[in-house]
$ cat upload11.cif   # mmCIF, C-alpha atoms and all ligand atoms
data_protein
loop_
_atom_site.label_atom_id
_atom_site.label_comp_id
_atom_site.auth_asym_id
_atom_site.auth_seq_id
_atom_site.Cartn_x
_atom_site.Cartn_y
_atom_site.Cartn_z
CA MET K 1 -45.73 7.05 13.74
CA GLY K 2 -46.95 10.64 13.41
CA GLU K 3 -44.38 13.38 12.68
CA GLN K 4 -45.27 15.07 15.97
CA ASP K 5 -44.73 11.86 17.95
CA ARG K 6 -41.31 11.19 16.34
CA GLU K 7 -40.04 14.66 17.11
CA GLN K 8 -41.11 14.56 20.75
CA GLU K 9 -38.16 15.43 22.99
CA VAL K 10 -37.60 12.97 25.82
CA ALA K 11 -35.80 14.36 28.86
CA PRO K 12 -32.33 12.82 29.51
CA GLU K 13 -33.50 11.57 32.95
CA TRP K 14 -36.02 9.34 31.19
CA TRP K 15 -33.32 7.94 28.90
CA ARG K 16 -31.25 7.16 31.97
CA TRP K 17 -34.24 5.71 33.84
CA ALA K 18 -35.23 3.51 30.90
CA THR K 19 -31.63 2.28 30.43
CA GLU K 20 -31.30 1.47 34.11
CA ASN K 21 -34.54 -0.50 34.11
CA LEU K 22 -33.64 -2.40 30.96
CA LEU K 23 -30.34 -3.34 32.64
CA ARG K 24 -32.27 -4.45 35.72
CA GLY K 25 -34.19 -6.84 33.48
CA VAL K 26 -37.58 -5.07 33.70
CA PRO K 27 -39.71 -6.14 30.67
CA GLU K 28 -39.77 -3.54 27.87
CA GLY K 29 -43.60 -3.45 27.92
CA GLN K 30 -43.63 -2.27 31.55
CA ILE K 31 -41.02 0.40 30.87
CA ALA K 32 -42.94 1.62 27.82
CA GLU K 33 -46.14 1.85 29.87
CA ARG K 34 -44.42 3.97 32.51
CA LEU K 35 -42.95 6.26 29.83
CA GLN K 36 -46.40 6.70 28.34
CA ALA K 37 -47.85 7.49 31.76
CA ALA K 38 -45.19 10.22 31.97
CA GLY K 39 -46.43 11.69 28.69
CA VAL K 40 -44.13 10.06 26.12
CA GLY K 41 -46.11 9.02 23.03
CA ARG K 42 -46.48 5.26 22.38
CA ALA K 43 -44.43 5.21 19.19
CA ARG K 44 -41.76 7.47 20.66
CA ALA K 45 -41.45 5.23 23.75
CA SER K 46 -40.84 2.11 21.67
CA GLU K 47 -38.44 4.00 19.40
CA LEU K 48 -36.51 5.17 22.46
CA LEU K 49 -36.29 1.66 23.91
CA ALA K 50 -35.15 0.24 20.57
CA ALA K 51 -32.48 2.95 20.30
CA ILE K 52 -31.17 2.13 23.78
CA VAL K 53 -31.04 -1.62 23.11
CA ARG K 54 -29.27 -1.06 19.75
CA SER K 55 -26.60 1.10 21.37
CA PRO K 56 -23.13 -0.53 21.64
CA ILE K 57 -22.78 0.96 25.12
CA PHE K 58 -25.89 -0.89 26.22
CA ALA K 59 -24.66 -4.09 24.56
CA ALA K 60 -21.40 -3.81 26.51
CA ALA K 61 -23.18 -3.10 29.80
CA ARG K 62 -25.82 -5.84 29.51
CA PRO K 63 -23.66 -8.90 30.41
CA PHE K 64 -22.28 -7.05 33.46
CA ALA K 65 -25.79 -6.19 34.60
CA ARG K 66 -26.91 -9.80 34.11
CA ALA K 67 -23.96 -11.08 36.18
CA ALA K 68 -24.65 -8.46 38.88
CA ARG K 69 -28.30 -9.59 39.04
CA ARG K 70 -27.23 -13.20 39.53
CA HIS K 71 -24.76 -12.21 42.29
CA GLU K 72 -27.47 -10.20 43.99
CA MET K 73 -29.82 -13.18 43.79
CA LEU K 74 -27.17 -15.33 45.49
CA ALA K 75 -26.57 -12.70 48.18
CA ARG K 76 -30.33 -12.47 48.85
CA LEU K 77 -30.46 -16.24 49.27
CA GLN K 78 -27.62 -16.11 51.81
CA GLN K 79 -29.30 -13.21 53.64
CA ARG K 80 -32.55 -15.20 53.86
CA MET K 81 -30.89 -18.34 55.15
CA ALA K 82 -28.88 -16.39 57.76
CA ARG K 83 -32.15 -14.99 59.15
CA ALA K 84 -33.54 -18.53 59.43
CA ALA K 85 -31.02 -19.43 62.18
CA CYS K 86 -32.35 -20.10 65.72
CA ASP K 87 -30.24 -17.20 66.98
CA PRO K 88 -29.58 -15.02 63.92
CA THR K 89 -27.96 -12.21 65.91
CA GLY K 90 -25.69 -14.40 68.03
CA ILE K 91 -22.33 -16.05 67.41
CA PRO K 92 -21.92 -19.63 68.67
CA ARG K 93 -19.52 -20.29 71.55
CA ARG K 94 -17.54 -23.47 71.22
CA SER K 95 -14.78 -25.33 73.03
CA GLY K 96 -12.58 -28.18 71.85
CA VAL K 97 -12.51 -27.01 68.21
CA SER K 98 -9.72 -28.90 66.44
CA ALA K 99 -7.51 -27.25 63.82
CA ALA K 100 -9.25 -29.34 61.15
CA GLU K 101 -12.71 -28.18 62.29
CA LEU K 102 -11.59 -24.57 62.54
CA ARG K 103 -10.29 -24.75 58.99
CA ASP K 104 -12.97 -26.88 57.31
CA VAL K 105 -16.06 -25.50 59.01
CA PHE K 106 -15.37 -21.95 60.13
CA ILE K 107 -12.56 -20.70 57.90
CA ALA K 108 -13.64 -22.43 54.68
CA GLY K 109 -17.28 -21.68 55.51
CA ASN K 110 -16.54 -18.01 56.33
CA ILE K 111 -18.45 -18.44 59.63
CA PRO K 112 -17.58 -16.53 62.84
CA VAL K 113 -17.21 -18.48 66.08
CA ILE K 114 -16.19 -17.67 69.65
CA LEU K 115 -13.67 -20.11 71.09
CA THR K 116 -13.94 -20.29 74.86
CA ASP K 117 -10.92 -22.47 75.70
CA VAL K 118 -8.08 -21.03 73.63
CA VAL K 119 -7.00 -17.78 75.32
CA THR K 120 -7.62 -19.28 78.77
CA ARG K 121 -4.68 -21.61 78.08
CA TRP K 122 -2.26 -18.87 77.12
CA PRO K 123 0.31 -17.94 79.77
CA ALA K 124 -0.76 -14.39 78.83
CA PHE K 125 -4.21 -14.93 80.34
CA GLY K 126 -4.13 -13.67 83.90
CA ARG K 127 -0.60 -12.31 83.37
CA TRP K 128 -1.17 -9.46 80.92
CA THR K 129 -2.62 -6.47 82.70
CA PRO K 130 -1.85 -2.80 82.04
CA ALA K 131 0.23 -2.78 85.25
CA TYR K 132 2.21 -5.86 84.15
CA LEU K 133 2.96 -4.32 80.75
CA ALA K 134 4.06 -1.04 82.37
CA GLU K 135 6.26 -2.85 84.83
CA ARG K 136 7.94 -5.18 82.31
CA PHE K 137 8.14 -2.83 79.31
CA GLY K 138 7.66 0.61 80.87
CA ASP K 139 10.73 2.15 79.16
CA VAL K 140 9.85 0.86 75.71
CA VAL K 141 8.87 3.67 73.34
CA VAL K 142 5.80 2.68 71.35
CA ASP K 143 3.65 4.32 68.71
CA VAL K 144 0.03 4.89 69.67
CA THR K 145 -2.88 6.64 67.98
CA THR K 146 -4.03 9.84 69.66
CA GLY K 147 -6.25 12.87 69.00
CA ARG K 148 -8.91 10.56 67.63
CA GLU K 149 -11.88 12.44 69.00
CA GLY K 150 -11.22 15.47 66.81
CA ASP K 151 -11.35 13.54 63.54
CA PRO K 152 -14.45 11.67 62.33
CA ASP K 153 -12.19 9.46 60.17
CA TYR K 154 -9.67 8.76 62.92
CA ASP K 155 -9.21 5.08 62.06
CA MET K 156 -8.74 5.67 58.33
CA HIS K 157 -6.25 8.44 59.21
CA ALA K 158 -4.43 6.45 61.92
CA GLU K 159 -1.00 7.45 60.53
CA ARG K 160 -1.80 11.16 61.01
CA HIS K 161 -2.63 10.53 64.66
CA THR K 162 0.46 8.53 65.53
CA GLN K 163 2.48 9.67 68.51
CA SER K 164 5.40 8.04 70.35
CA THR K 165 5.29 7.54 74.09
CA SER K 166 6.80 5.29 76.69
CA LEU K 167 4.57 2.38 77.52
CA ARG K 168 4.66 3.50 81.17
CA ASP K 169 3.17 6.89 80.28
CA PHE K 170 0.61 5.34 77.98
CA VAL K 171 -0.59 2.96 80.69
CA ALA K 172 -0.77 5.88 83.15
CA ARG K 173 -2.94 7.73 80.62
CA ILE K 174 -5.23 4.72 80.31
CA GLU K 175 -5.52 4.44 84.07
CA ALA K 176 -6.31 8.14 84.41
CA ALA K 177 -9.15 7.89 81.85
CA ARG K 178 -11.48 6.19 84.32
CA ALA K 179 -14.66 7.36 82.62
CA GLY K 180 -13.47 5.96 79.27
CA THR K 181 -12.43 7.70 76.08
CA ASN K 182 -11.96 7.04 72.39
CA ASP K 183 -9.21 9.64 72.12
CA PHE K 184 -6.19 7.34 72.30
CA TYR K 185 -5.59 3.71 71.49
CA MET K 186 -2.71 1.39 70.59
CA VAL K 187 -3.99 -0.21 67.38
CA ALA K 188 -2.79 -2.82 64.86
CA LYS K 189 -1.38 -0.11 62.58
CA ASN K 190 1.03 0.91 65.38
CA ARG K 191 2.77 -2.47 64.84
CA VAL K 192 4.41 -2.43 68.26
CA LEU K 193 5.09 -6.18 68.38
CA GLU K 194 7.42 -6.25 65.41
CA ARG K 195 8.93 -2.80 66.02
CA THR K 196 9.78 -3.02 69.70
CA ARG K 197 10.73 -5.41 72.47
CA LEU K 198 7.04 -6.03 73.01
CA GLY K 199 7.38 -8.82 70.44
CA ALA K 200 8.56 -10.98 73.37
CA LEU K 201 4.93 -11.01 74.52
CA LEU K 202 4.23 -13.63 71.88
CA ASP K 203 6.14 -16.12 74.08
CA ASP K 204 3.05 -15.95 76.30
CA VAL K 205 0.81 -17.24 73.52
CA ALA K 206 0.35 -20.92 72.71
CA LEU K 207 -2.26 -22.00 70.21
CA PRO K 208 -3.68 -25.49 69.68
CA GLU K 209 -1.63 -27.57 67.23
CA GLY K 210 -2.26 -26.54 63.62
CA TYR K 211 -4.27 -23.33 64.33
CA CYS K 212 -1.67 -20.74 63.38
CA ALA K 213 2.05 -20.82 62.68
CA MET K 214 3.47 -19.20 65.84
CA GLN K 215 6.91 -18.89 64.18
CA ARG K 216 5.29 -16.44 61.73
CA ALA K 217 3.18 -14.70 64.37
CA LEU K 218 5.65 -11.83 64.70
CA GLY K 219 4.77 -9.68 61.71
CA SER K 220 1.23 -11.01 61.48
CA SER K 221 -0.10 -10.28 64.95
CA ALA K 222 -1.43 -7.08 66.45
CA LEU K 223 -1.59 -5.86 70.02
CA TRP K 224 -4.57 -3.65 70.92
CA LEU K 225 -4.28 -1.76 74.22
CA GLY K 226 -6.55 1.04 75.33
CA PRO K 227 -9.05 2.48 77.80
CA ALA K 228 -12.73 1.64 77.99
CA GLY K 229 -14.57 3.55 75.29
CA THR K 230 -12.33 2.96 72.28
CA VAL K 231 -14.30 2.37 69.10
CA THR K 232 -13.02 0.78 65.92
CA PRO K 233 -15.52 1.82 63.25
CA LEU K 234 -17.36 -0.61 61.02
CA HIS K 235 -14.88 -2.06 58.52
CA HIS K 236 -13.75 -5.36 57.04
CA ASP K 237 -10.27 -6.79 56.65
CA THR K 238 -8.61 -8.69 53.82
CA SER K 239 -7.46 -11.60 55.96
CA ASN K 240 -8.95 -13.99 58.48
CA ILE K 241 -8.17 -13.04 62.08
CA LEU K 242 -8.15 -14.95 65.34
CA PHE K 243 -8.85 -12.23 67.89
CA GLY K 244 -7.87 -13.14 71.45
CA GLN K 245 -9.43 -11.06 74.24
CA VAL K 246 -6.92 -11.25 77.09
CA TYR K 247 -8.10 -8.50 79.46
CA GLY K 248 -11.38 -6.56 79.70
CA ARG K 249 -14.47 -6.95 77.49
CA LYS K 250 -15.24 -5.81 73.96
CA ARG K 251 -18.56 -5.51 72.21
CA TYR K 252 -18.46 -6.78 68.66
CA ARG K 253 -21.09 -6.08 66.03
CA MET K 254 -20.53 -8.25 63.00
CA ILE K 255 -22.17 -8.20 59.59
CA ALA K 256 -21.76 -10.82 56.88
CA PRO K 257 -20.14 -9.86 53.56
CA PHE K 258 -23.30 -10.97 51.74
CA GLU K 259 -25.22 -8.04 53.32
CA THR K 260 -24.47 -6.23 50.08
CA SER K 261 -26.37 -3.05 50.89
CA LEU K 262 -23.33 -2.12 53.02
CA PHE K 263 -21.25 -1.66 49.87
CA GLU K 264 -23.27 1.49 49.16
CA GLY K 265 -21.56 4.46 50.69
CA ALA K 266 -18.51 2.43 51.79
CA ARG K 267 -15.10 4.05 51.45
CA ALA K 268 -12.43 1.45 50.79
CA MET K 269 -12.86 -1.03 53.64
CA TYR K 270 -14.89 1.30 55.88
CA ALA K 271 -18.69 1.14 55.85
CA GLY K 272 -20.65 4.35 55.43
CA ARG K 273 -22.94 3.35 58.32
CA ASP K 274 -22.48 3.26 62.08
CA PRO K 275 -24.33 0.64 64.15
CA GLU K 276 -24.30 3.02 67.12
CA GLN K 277 -26.19 5.68 65.17
CA GLY K 278 -29.68 4.29 64.64
CA SER K 279 -31.01 1.09 63.21
CA MET K 280 -28.98 -0.95 60.72
CA GLU K 281 -32.14 -2.34 59.06
CA PRO K 282 -32.35 -4.18 56.70
CA VAL K 283 -28.87 -5.47 57.54
CA LEU K 284 -28.59 -8.39 59.99
CA VAL K 285 -26.16 -7.56 62.81
CA LYS K 286 -24.59 -10.15 65.10
CA ASP K 287 -24.05 -8.48 68.43
CA VAL K 288 -21.85 -10.13 71.07
CA VAL K 289 -19.75 -9.21 74.08
CA LEU K 290 -16.37 -10.89 74.01
CA GLU K 291 -15.33 -11.76 77.55
CA PRO K 292 -11.74 -11.95 78.78
CA GLY K 293 -10.38 -15.40 77.90
CA GLU K 294 -12.46 -15.71 74.72
CA ALA K 295 -11.21 -15.68 71.14
CA LEU K 296 -13.33 -14.55 68.21
CA PHE K 297 -12.67 -15.94 64.77
CA ILE K 298 -13.30 -13.00 62.39
CA PRO K 299 -13.70 -14.44 58.89
CA VAL K 300 -12.29 -12.39 56.04
CA GLY K 301 -14.76 -9.89 54.62
CA TRP K 302 -17.00 -9.73 57.69
CA TRP K 303 -17.72 -6.16 58.72
CA HIS K 304 -17.04 -5.49 62.39
CA HIS K 305 -17.52 -2.57 64.76
CA VAL K 306 -15.72 -2.88 68.09
CA ARG K 307 -16.26 -0.98 71.34
CA ALA K 308 -14.13 -1.61 74.41
CA LEU K 309 -16.38 -1.90 77.46
CA ASP K 310 -13.42 -1.92 79.86
CA VAL K 311 -9.72 -1.16 79.80
CA SER K 312 -8.72 -3.79 77.28
CA ILE K 313 -5.80 -5.84 75.98
CA SER K 314 -6.32 -7.98 72.88
CA LEU K 315 -4.15 -9.84 70.43
CA GLY K 316 -5.14 -10.41 66.81
CA ILE K 317 -3.31 -13.22 65.01
CA ASN K 318 -3.55 -13.97 61.31
CA SER K 319 -0.68 -16.38 60.58
CA PHE K 320 -2.98 -19.22 59.57
CA PRO K 321 -1.30 -22.21 57.91
CA PHE K 322 -2.55 -21.27 54.41
CA PRO K 323 -2.31 -18.13 52.27
CA ASN K 324 -4.26 -15.57 54.25
CA ASN K 325 -3.42 -12.34 52.48
CA LEU K 326 -6.71 -12.09 50.58
CA ASP K 327 -5.95 -8.74 49.10
CA GLY K 328 -8.24 -9.34 46.13
CA TYR K 329 -11.11 -8.61 48.55
CA ARG K 330 -10.27 -4.94 48.57
CA PRO K 331 -12.59 -2.52 46.80
CA GLY K 332 -10.91 -0.92 43.82
CA LYS K 333 -8.60 -3.89 43.19
CA VAL K 334 -8.99 -5.77 39.95
CA ALA K 335 -8.88 -9.47 40.85
O1 LIG H 401 -10.34 -4.34 68.91
C1 LIG H 401 -10.53 -3.42 68.15
O2 LIG H 401 -10.75 -2.26 68.52
C2 LIG H 401 -10.57 -3.68 66.66
C3 LIG H 401 -10.15 -5.05 66.23
C4 LIG H 401 -10.24 -5.19 64.74
O3 LIG H 401 -10.97 -4.49 64.09
C5 LIG H 401 -9.47 -6.20 64.03
O4 LIG H 401 -8.69 -6.94 64.63
O5 LIG H 401 -9.61 -6.23 62.78
#
$ encode --input "upload11.cif" --output "structure tokens"
Amino acid sequence: MGEQDREQEVAPEWWRWATENLLRGVPEGQIAERLQAAGVGRARASELLAAIVRSPIFAAARPFARAARRHEMLARLQQRMARAACDPTGIPRRSGVSAAELRDVFIAGNIPVILTDVVTRWPAFGRWTPAYLAERFGDVVVDVTTGREGDPDYDMHAERHTQSTSLRDFVARIEAARAGTNDFYMVAKNRVLERTRLGALLDDVALPEGYCAMQRALGSSALWLGPAGTVTPLHHDTSNILFGQVYGRKRYRMIAPFETSLFEGARAMYAGRDPEQGSMEPVLVKDVVLEPGEALFIPVGWWHHVRALDVSISLGINSFPFPNNLDGYRPGKVA
């Protein structure tokens, strides 16, 4: 190695670039060639690569990078197979799904499904309307989320937007918002079932044997009530949810957890991307309209974006008969 070559300064960006590519598993020869094309002498390039590989920091990082590459390979395989389905953007509709099938196929398999004959059997179906709720529970004071349109992070900041109102007034507000709005919504975080007399509504819900423990439903169910036009931004939860659509329609866009590009730019459980703002390529989106009387099984970890197409009443239940608080699937948590 000539003196001149050894003393050649290599810009820190090239050190970083070379380290990153070594961690990605790119062969050293290819990295050296690229460094040389950028003006780094041959001997200096191989000295630089040797110095990186000798570094204890690199030695510590290498097994993590190798594991990450294997996980990414697995995710790519799942992405490919999901695109091979006959209807990759749809969600199957099924009736007569037993508790064993729900658990073994859909829950254990982390596969969404729309159940067409579950909500239709609830006494709630056909009974729950905004007018019915106002008539039966009009005096009940509930928390709702308001002022959402002035805050781009309204769902993340739901606590800041909480306001108390009588259910009668809230229903009147919904009925007045004929054109639809995203400004106010009774959401899961308002926890009205466990905090108010509205918990009695769960008497109108009867699930097939073995689906969910109804005696634990209070405390693990959520009532969603709002006008057409509410939008719950793209996020995932840390539990499985059976989402019953009792009144009105909702459009669901769902994305599998193995679409790992969504982790980039995500904040906690909220994605950094919005399916209503341009294409979601290369991510595969399942796009369905949930009709009144249908229930959607939302497997844990699946991203979902939800728009109410009509005035809507829904009930989310997550008291499955197995541990369902999968809090380890929360970014920032050490498992
Ligand atoms: O219905 C909605 O607006 C959102 C439902 C949801 O995101 C959920 O139950 O996790």
$ axis_aligned_box --input "upload11.cif" --around "ligand LIG 401 (chain H)" --padding-each-side "4 Å" --output "lines of an AutoDock Vina configuration file"
center_x = -9.8
center_y = -4.6
center_z = 65.8
size_x = 10.3
size_y = 12.7
size_z = 14.1
$ residues_near_ligand --input "upload11.cif" --ligand "ligand LIG 401 (chain H)" --cutoff "9 Å" --atoms "only C-alpha atoms and all ligand atoms" --output "PyMOL selection string"
chain K and resi 185+187-188+222-226+230-237+239-243+245+250-252+298+303-308+312-317
$ atom_distance --input "upload11.cif" --atom1 "CA of Pro123 (chain K)" --atom2 "CA of Ala177 (chain K)"
27.6 Å
$ closest_residue --input "upload11.cif" --among "K:Ala45, K:Thr19, K:Ile174, K:Ile255" --to "Glu281 (chain K)" --atoms "all atoms listed in the file"
K:Ile255
$ atom_distance --input "upload11.cif" --atom1 "CA of Ala11 (chain K)" --atom2 "CA of Arg24 (chain K)"
20.3 Å
$ atom_distance --input "upload11.cif" --atom1 "CA of Leu202 (chain K)" --atom2 "CA of Pro292 (chain K)"
17.5 Å
$ decode --input "upload11.cif" --residues "region 267-288 of chain K" --atoms "N, CA, C and O atoms" --output "compact mmCIF listing (two decimals), in the first residue's frame"
# COMPACT_ATOMS: atom_id res chain seq x y z
N ARG K 267 -45.85 5.58 14.34
CA ARG K 267 -45.67 6.12 15.69
C ARG K 267 -46.52 5.26 16.61
O ARG K 267 -47.74 5.21 16.45
N ALA K 268 -45.84 4.57 17.53
CA ALA K 268 -46.50 3.59 18.39
C ALA K 268 -47.36 2.67 17.50
O ALA K 268 -46.83 2.09 16.56
N MET K 269 -48.66 2.64 17.72
CA MET K 269 -49.47 1.69 16.96
C MET K 269 -50.17 2.36 15.77
O MET K 269 -51.04 1.77 15.15
N TYR K 270 -49.77 3.57 15.45
CA TYR K 270 -50.37 4.30 14.32
C TYR K 270 -49.40 4.30 13.14
O TYR K 270 -48.22 4.63 13.31
N ALA K 271 -49.92 3.95 11.96
CA ALA K 271 -49.07 3.93 10.76
C ALA K 271 -48.80 5.36 10.32
O ALA K 271 -49.59 6.27 10.58
N GLY K 272 -47.69 5.54 9.62
CA GLY K 272 -47.37 6.88 9.11
C GLY K 272 -48.04 7.12 7.77
O GLY K 272 -47.80 8.15 7.15
N ARG K 273 -48.83 6.17 7.28
CA ARG K 273 -49.45 6.33 5.95
C ARG K 273 -50.96 6.28 6.06
O ARG K 273 -51.51 5.69 6.99
N ASP K 274 -51.62 6.91 5.07
CA ASP K 274 -53.08 7.01 5.09
C ASP K 274 -53.62 6.43 3.78
O ASP K 274 -53.33 6.97 2.71
N PRO K 275 -54.38 5.35 3.85
CA PRO K 275 -54.87 4.74 2.60
C PRO K 275 -55.79 5.65 1.81
O PRO K 275 -56.07 5.38 0.63
N GLU K 276 -56.27 6.74 2.40
CA GLU K 276 -57.14 7.66 1.64
C GLU K 276 -56.32 8.76 0.96
O GLU K 276 -56.87 9.61 0.27
N GLN K 277 -55.02 8.76 1.21
CA GLN K 277 -54.15 9.78 0.58
C GLN K 277 -53.19 9.08 -0.36
O GLN K 277 -52.05 8.83 -0.01
N GLY K 278 -53.65 8.72 -1.52
CA GLY K 278 -52.77 8.12 -2.53
C GLY K 278 -52.59 6.63 -2.35
O GLY K 278 -53.12 6.03 -1.43
N SER K 279 -51.80 6.08 -3.27
CA SER K 279 -51.64 4.64 -3.34
C SER K 279 -50.86 4.11 -2.14
O SER K 279 -49.97 4.77 -1.63
N MET K 280 -51.20 2.89 -1.72
CA MET K 280 -50.46 2.26 -0.61
C MET K 280 -49.38 1.32 -1.13
O MET K 280 -48.76 0.60 -0.35
N GLU K 281 -49.19 1.26 -2.45
CA GLU K 281 -48.14 0.41 -3.03
C GLU K 281 -46.86 0.55 -2.23
O GLU K 281 -46.54 1.67 -1.83
N PRO K 282 -46.10 -0.49 -1.99
CA PRO K 282 -46.28 -1.87 -2.44
C PRO K 282 -47.10 -2.72 -1.45
O PRO K 282 -47.09 -3.94 -1.54
N VAL K 283 -47.79 -2.05 -0.54
CA VAL K 283 -48.50 -2.78 0.52
C VAL K 283 -49.82 -3.32 -0.02
O VAL K 283 -50.53 -2.63 -0.75
N LEU K 284 -50.16 -4.55 0.32
CA LEU K 284 -51.43 -5.14 -0.11
C LEU K 284 -52.54 -4.76 0.88
O LEU K 284 -52.42 -5.01 2.08
N VAL K 285 -53.58 -4.12 0.35
CA VAL K 285 -54.68 -3.65 1.21
C VAL K 285 -55.93 -4.48 0.94
O VAL K 285 -56.32 -4.66 -0.22
N LYS K 286 -56.53 -5.00 1.98
CA LYS K 286 -57.84 -5.65 1.85
C LYS K 286 -58.87 -4.57 2.11
O LYS K 286 -58.77 -3.84 3.09
N ASP K 287 -59.83 -4.48 1.21
CA ASP K 287 -60.75 -3.33 1.24
C ASP K 287 -62.17 -3.87 1.20
O ASP K 287 -62.59 -4.45 0.20
N VAL K 288 -62.90 -3.74 2.30
CA VAL K 288 -64.26 -4.31 2.37
C VAL K 288 -65.22 -3.32 3.00
O VAL K 288 -64.82 -2.48 3.80
